[in-house]
$ cat target06.pdb   # PDB, C-alpha atoms
ATOM      1  CA  MET A   1      27.768  26.054   3.608
ATOM      2  CA  LYS A   2      31.541  26.377   4.115
ATOM      3  CA  LYS A   3      31.038  29.988   5.183
ATOM      4  CA  ILE A   4      28.542  28.959   7.893
ATOM      5  CA  ASN A   5      30.916  26.246   9.184
ATOM      6  CA  ALA A   6      33.778  28.753   9.308
ATOM      7  CA  ILE A   7      31.635  31.226  11.253
ATOM      8  CA  LEU A   8      30.572  28.505  13.703
ATOM      9  CA  ILE A   9      34.190  27.462  14.264
ATOM     10  CA  ILE A  10      35.205  31.087  14.883
ATOM     11  CA  LEU A  11      32.326  31.555  17.359
ATOM     12  CA  ILE A  12      33.187  28.349  19.220
ATOM     13  CA  MET A  13      36.839  29.397  19.447
ATOM     14  CA  ALA A  14      35.859  32.876  20.677
ATOM     15  CA  PHE A  15      33.564  31.551  23.419
ATOM     16  CA  THR A  16      36.143  28.961  24.458
ATOM     17  CA  THR A  17      38.829  31.651  24.699
ATOM     18  CA  ILE A  18      36.555  33.911  26.749
ATOM     19  CA  GLY A  19      35.753  31.028  29.110
ATOM     20  CA  VAL A  20      39.395  30.045  29.594
ATOM     21  CA  VAL A  21      40.477  33.654  30.203
ATOM     22  CA  SER A  22      37.657  34.089  32.737
ATOM     23  CA  ILE A  23      38.621  30.920  34.626
ATOM     24  CA  VAL A  24      42.323  31.828  34.674
ATOM     25  CA  TYR A  25      41.594  35.414  35.792
ATOM     26  CA  ASN A  26      39.304  34.283  38.616
ATOM     27  CA  THR A  27      41.804  31.648  39.731
ATOM     28  CA  LEU A  28      44.693  34.117  39.808
ATOM     29  CA  THR A  29      42.767  36.866  41.609
ATOM     30  CA  THR A  30      41.030  34.727  44.245
ATOM     31  CA  ILE A  31      43.039  34.718  47.473
ATOM     32  CA  GLY A  32      40.729  32.495  49.481
ATOM     33  CA  ILE A  33      37.221  31.274  50.139
ATOM     34  CA  ARG A  34      35.781  30.463  53.551
ATOM     35  CA  ASP A  35      32.406  28.891  54.279
ATOM     36  CA  ILE A  36      30.901  29.734  57.670
ATOM     37  CA  GLU A  37      27.801  27.966  58.994
ATOM     38  CA  MET A  38      24.737  30.074  59.814
ATOM     39  CA  ASP A  39      21.904  29.125  62.140
ATOM     40  CA  ALA A  40      18.744  30.877  63.314
ATOM     41  CA  LYS A  41      15.760  29.555  65.206
ATOM     42  CA  VAL A  42      12.219  30.876  65.079
ATOM     43  CA  GLY A  43      10.163  30.123  68.168
ATOM     44  CA  ASP A  44       7.939  31.533  70.888
ATOM     45  CA  ARG A  45      10.751  33.234  72.811
ATOM     46  CA  ILE A  46      13.971  35.148  72.328
ATOM     47  CA  GLY A  47      17.389  33.600  72.903
ATOM     48  CA  ILE A  48      20.995  34.705  72.617
ATOM     49  CA  ALA A  49      23.793  32.635  71.150
ATOM     50  CA  VAL A  50      27.524  33.256  71.187
ATOM     51  CA  ASP A  51      29.911  31.439  68.881
ATOM     52  CA  SER A  52      33.050  32.676  67.162
ATOM     53  CA  ASP A  53      33.242  29.910  64.532
ATOM     54  CA  LYS A  54      29.679  30.228  63.195
ATOM     55  CA  PHE A  55      27.027  32.863  62.601
ATOM     56  CA  ILE A  56      24.500  31.740  65.189
ATOM     57  CA  PHE A  57      21.731  34.292  65.418
ATOM     58  CA  GLY A  58      19.918  32.601  68.294
ATOM     59  CA  MET A  59      16.173  32.264  68.727
ATOM     60  CA  MET A  60      13.748  34.943  67.647
ATOM     61  CA  GLN A  61      10.030  35.259  67.261
ATOM     62  CA  PRO A  62       8.427  35.548  63.816
ATOM     63  CA  GLY A  63       9.076  39.082  62.563
ATOM     64  CA  GLY A  64      12.174  39.357  64.753
ATOM     65  CA  SER A  65      15.750  40.050  63.793
ATOM     66  CA  ALA A  66      19.265  39.492  65.078
ATOM     67  CA  LYS A  67      22.650  40.961  64.171
ATOM     68  CA  ARG A  68      26.257  39.787  64.309
ATOM     69  CA  GLU A  69      29.354  41.915  63.786
ATOM     70  CA  VAL A  70      32.242  40.568  61.714
ATOM     71  CA  PHE A  71      35.685  42.126  61.774
ATOM     72  CA  ILE A  72      37.744  41.719  58.601
ATOM     73  CA  GLY A  73      41.261  42.911  57.916
ATOM     74  CA  ASN A  74      43.734  43.087  55.071
ATOM     75  CA  GLU A  75      47.227  41.870  55.969
ATOM     76  CA  HIS A  76      48.413  41.865  52.338
ATOM     77  CA  ASP A  77      50.472  44.574  50.652
ATOM     78  CA  PHE A  78      47.758  45.106  48.016
ATOM     79  CA  PRO A  79      44.061  46.037  48.235
ATOM     80  CA  ILE A  80      41.525  43.223  48.520
ATOM     81  CA  ILE A  81      37.793  42.834  48.010
ATOM     82  CA  VAL A  82      35.761  40.756  50.450
ATOM     83  CA  ARG A  83      32.424  39.447  49.165
ATOM     84  CA  PHE A  84      29.774  37.807  51.329
ATOM     85  CA  ALA A  85      27.490  35.313  49.584
ATOM     86  CA  PRO A  86      24.768  33.725  51.739
ATOM     87  CA  ILE A  87      23.642  30.261  50.647
ATOM     88  CA  GLY A  88      20.749  28.116  51.865
ATOM     89  CA  GLN A  89      17.508  28.652  53.788
ATOM     90  CA  LEU A  90      18.616  31.914  55.413
ATOM     91  CA  LYS A  91      19.731  33.605  52.171
ATOM     92  CA  PRO A  92      16.505  35.586  51.552
ATOM     93  CA  TYR A  93      16.510  36.968  55.099
ATOM     94  CA  ILE A  94      20.152  38.109  55.346
ATOM     95  CA  TYR A  95      21.269  41.757  55.222
ATOM     96  CA  ILE A  96      24.975  42.667  54.907
ATOM     97  CA  SER A  97      25.984  46.254  55.710
ATOM     98  CA  GLU A  98      28.787  46.496  53.136
ATOM     99  CA  ASN A  99      29.010  43.987  50.335
ATOM    100  CA  PRO A 100      31.459  43.859  48.697
ATOM    101  CA  ALA A 101      33.938  45.525  51.033
ATOM    102  CA  LEU A 102      37.152  47.052  49.703
ATOM    103  CA  LEU A 103      40.099  46.990  52.117
ATOM    104  CA  GLN A 104      43.376  48.764  51.564
ATOM    105  CA  PRO A 105      46.606  47.211  52.903
ATOM    106  CA  GLY A 106      46.509  47.219  56.721
ATOM    107  CA  GLU A 107      42.863  48.342  56.846
ATOM    108  CA  ASN A 108      40.268  46.754  59.154
ATOM    109  CA  LYS A 109      36.474  47.017  58.895
ATOM    110  CA  GLU A 110      33.433  45.979  60.868
ATOM    111  CA  ILE A 111      30.670  44.423  58.785
ATOM    112  CA  ASN A 112      27.184  43.909  60.217
ATOM    113  CA  ILE A 113      25.300  40.796  59.190
ATOM    114  CA  ALA A 114      21.652  40.669  60.177
ATOM    115  CA  VAL A 115      18.824  38.210  59.714
ATOM    116  CA  THR A 116      15.204  39.393  59.739
ATOM    117  CA  MET A 117      12.453  36.804  59.724
ATOM    118  CA  PRO A 118       9.049  37.524  58.180
ATOM    119  CA  LYS A 119       6.065  37.851  60.516
ATOM    120  CA  ASP A 120       4.544  34.684  59.077
ATOM    121  CA  MET A 121       7.719  32.570  59.418
ATOM    122  CA  PRO A 122       6.898  29.128  60.838
ATOM    123  CA  TYR A 123       8.669  27.978  63.990
ATOM    124  CA  GLY A 124      11.771  25.974  63.239
ATOM    125  CA  ASN A 125      15.514  25.882  62.777
ATOM    126  CA  TYR A 126      16.872  27.617  59.670
ATOM    127  CA  THR A 127      20.389  27.116  58.418
ATOM    128  CA  GLY A 128      22.731  28.255  55.708
ATOM    129  CA  ILE A 129      26.294  29.014  54.770
ATOM    130  CA  MET A 130      27.965  32.392  54.503
ATOM    131  CA  ARG A 131      30.560  32.068  51.765
ATOM    132  CA  VAL A 132      33.263  34.721  52.173
ATOM    133  CA  ILE A 133      35.371  35.280  49.050
ATOM    134  CA  PHE A 134      38.651  37.195  49.206
ATOM    135  CA  THR A 135      40.029  38.537  45.920
ATOM    136  CA  LYS A 136      42.747  40.912  44.813
ATOM    137  CA  ALA A 137      41.331  44.309  43.898
ATOM    138  CA  LYS A 138      42.135  45.714  40.471
ATOM    139  CA  GLU A 139      44.785  48.357  40.859
TER
END

$ encode --input "target06.pdb" --output "structure tokens"
Amino acid sequence: MKKINAILIILIMAFTTIGVVSIVYNTLTTIGIRDIEMDAKVGDRIGIAVDSDKFIFGMMQPGGSAKREVFIGNEHDFPIIVRFAPIGQLKPYIYISENPALLQPGENKEINIAVTMPKDMPYGNYTGIMRVIFTKAKE
């Protein structure tokens, strides 16, 4: 019985240590997180939307698609990784051209973000969030 208790204590300590190390590592390597609103409408016509603070894909018919270009840059003196994580109603319909994206110091990239609605998508307004996570790349 004492042997089983000792093994359980060792396992609990090991999992706790792994969890703490993971949290500390992620905290120290994360440079920033930005949430950007996304919006797309499905209707009986096609519309264009322009907004620099949100990903607004405009209005499209069922089965239609729309694309937005995002320009990202690395102003740090170390390489970074940029991850895009869609959240919400639009998540299943989002395509990201390069995810994650590795940027060297001073490098800039264009990333295409597209939404494609299924042919049987009901008319309506669909929203979500694009979470953009910036982390230090392992050197």

$ closest_residue --input "target06.pdb" --among "A:Asn112, A:Thr127, A:Asn74, A:Ser65" --to "Pro86 in chain A" --atoms "only C-alpha atoms"
A:Thr127

$ atom_distance --input "target06.pdb" --atom1 "CA of Asn108 in chain A" --atom2 "CA of Val132 in chain A"
15.6 Å

$ resolve_selection --input "target06.pdb" --expression "the PyMOL selection byres ((chain A and resi 89) around 8)" --output "short mmCIF file (atom, residue, chain, number, x, y, z; two decimals) with C-alpha atoms, in the frame of the given file"
data_model
loop_
_atom_site.label_atom_id
_atom_site.label_comp_id
_atom_site.auth_asym_id
_atom_site.auth_seq_id
_atom_site.Cartn_x
_atom_site.Cartn_y
_atom_site.Cartn_z
CA ILE A 87 23.64 30.26 50.65
CA GLY A 88 20.75 28.12 51.86
CA LEU A 90 18.62 31.91 55.41
CA LYS A 91 19.73 33.60 52.17
CA PRO A 92 16.50 35.59 51.55
CA TYR A 126 16.87 27.62 59.67
CA THR A 127 20.39 27.12 58.42
CA GLY A 128 22.73 28.26 55.71
#

$ atom_distance --input "target06.pdb" --atom1 "CA of Phe57 in chain A" --atom2 "CA of Leu103 in chain A"
26.0 Å

$ residues_around --input "target06.pdb" --residues "Pro118 in chain A" --least-positions-apart "2" --cutoff "7 Å" --atoms "only C-alpha atoms" --output "MDAnalysis selection string"
chainID A and resid 62:63 116 120:121

$ closest_residue --input "target06.pdb" --among "A:Arg45, A:Lys54, A:Arg131, A:Lys109" --to "Ile72 in chain A" --atoms "only C-alpha atoms"
A:Lys109

$ closest_residue --input "target06.pdb" --among "A:Lys2, A:Lys41, A:Arg34, A:Lys138" --to "Ala66 in chain A" --atoms "only C-alpha atoms"
A:Lys41

$ closest_residue --input "target06.pdb" --among "A:Lys119, A:Arg68, A:Lys3, A:Lys136" --to "Leu102 in chain A" --atoms "all atoms listed in the file"
A:Lys136

$ closest_residue --input "target06.pdb" --among "A:Ile94, A:Ile46, A:Ile36, A:Ile18" --to "Ile113 in chain A" --atoms "all atoms listed in the file"
A:Ile94

$ resolve_selection --input "target06.pdb" --expression "the PyMOL selection byres ((chain A and resi 133) around 10)" --output "PDB file with C-alpha atoms, in the coordinates of the input"
ATOM      1  CA  THR A  30      41.030  34.727  44.245  1.00  0.00           C
ATOM      2  CA  ILE A  31      43.039  34.718  47.473  1.00  0.00           C
ATOM      3  CA  GLY A  32      40.729  32.495  49.481  1.00  0.00           C
ATOM      4  CA  ILE A  33      37.221  31.274  50.139  1.00  0.00           C
ATOM      5  CA  ARG A  34      35.781  30.463  53.551  1.00  0.00           C
ATOM      6  CA  ASP A  35      32.406  28.891  54.279  1.00  0.00           C
ATOM      7  CA  ILE A  81      37.793  42.834  48.010  1.00  0.00           C
ATOM      8  CA  VAL A  82      35.761  40.756  50.450  1.00  0.00           C
ATOM      9  CA  ARG A  83      32.424  39.447  49.165  1.00  0.00           C
ATOM     10  CA  PHE A  84      29.774  37.807  51.329  1.00  0.00           C
ATOM     11  CA  ALA A  85      27.490  35.313  49.584  1.00  0.00           C
ATOM     12  CA  PRO A 100      31.459  43.859  48.697  1.00  0.00           C
ATOM     13  CA  MET A 130      27.965  32.392  54.503  1.00  0.00           C
ATOM     14  CA  ARG A 131      30.560  32.068  51.765  1.00  0.00           C
ATOM     15  CA  VAL A 132      33.263  34.721  52.173  1.00  0.00           C
ATOM     16  CA  PHE A 134      38.651  37.195  49.206  1.00  0.00           C
ATOM     17  CA  THR A 135      40.029  38.537  45.920  1.00  0.00           C
TER      18      THR A 135
END

$ resolve_selection --input "target06.pdb" --expression "the PyMOL selection byres ((chain A and resi 95) around 7)" --output "list in words"
Tyr93, Ile94, Ile96, Ser97, Ile113, Ala114 and Val115 of chain A

$ atom_distance --input "target06.pdb" --atom1 "CA of Glu69 in chain A" --atom2 "CA of Thr29 in chain A"
26.4 Å

$ closest_residue --input "target06.pdb" --among "A:Gly58, A:Pro105, A:Gly43, A:Pro122" --to "Pro79 in chain A" --atoms "all atoms listed in the file"
A:Pro105
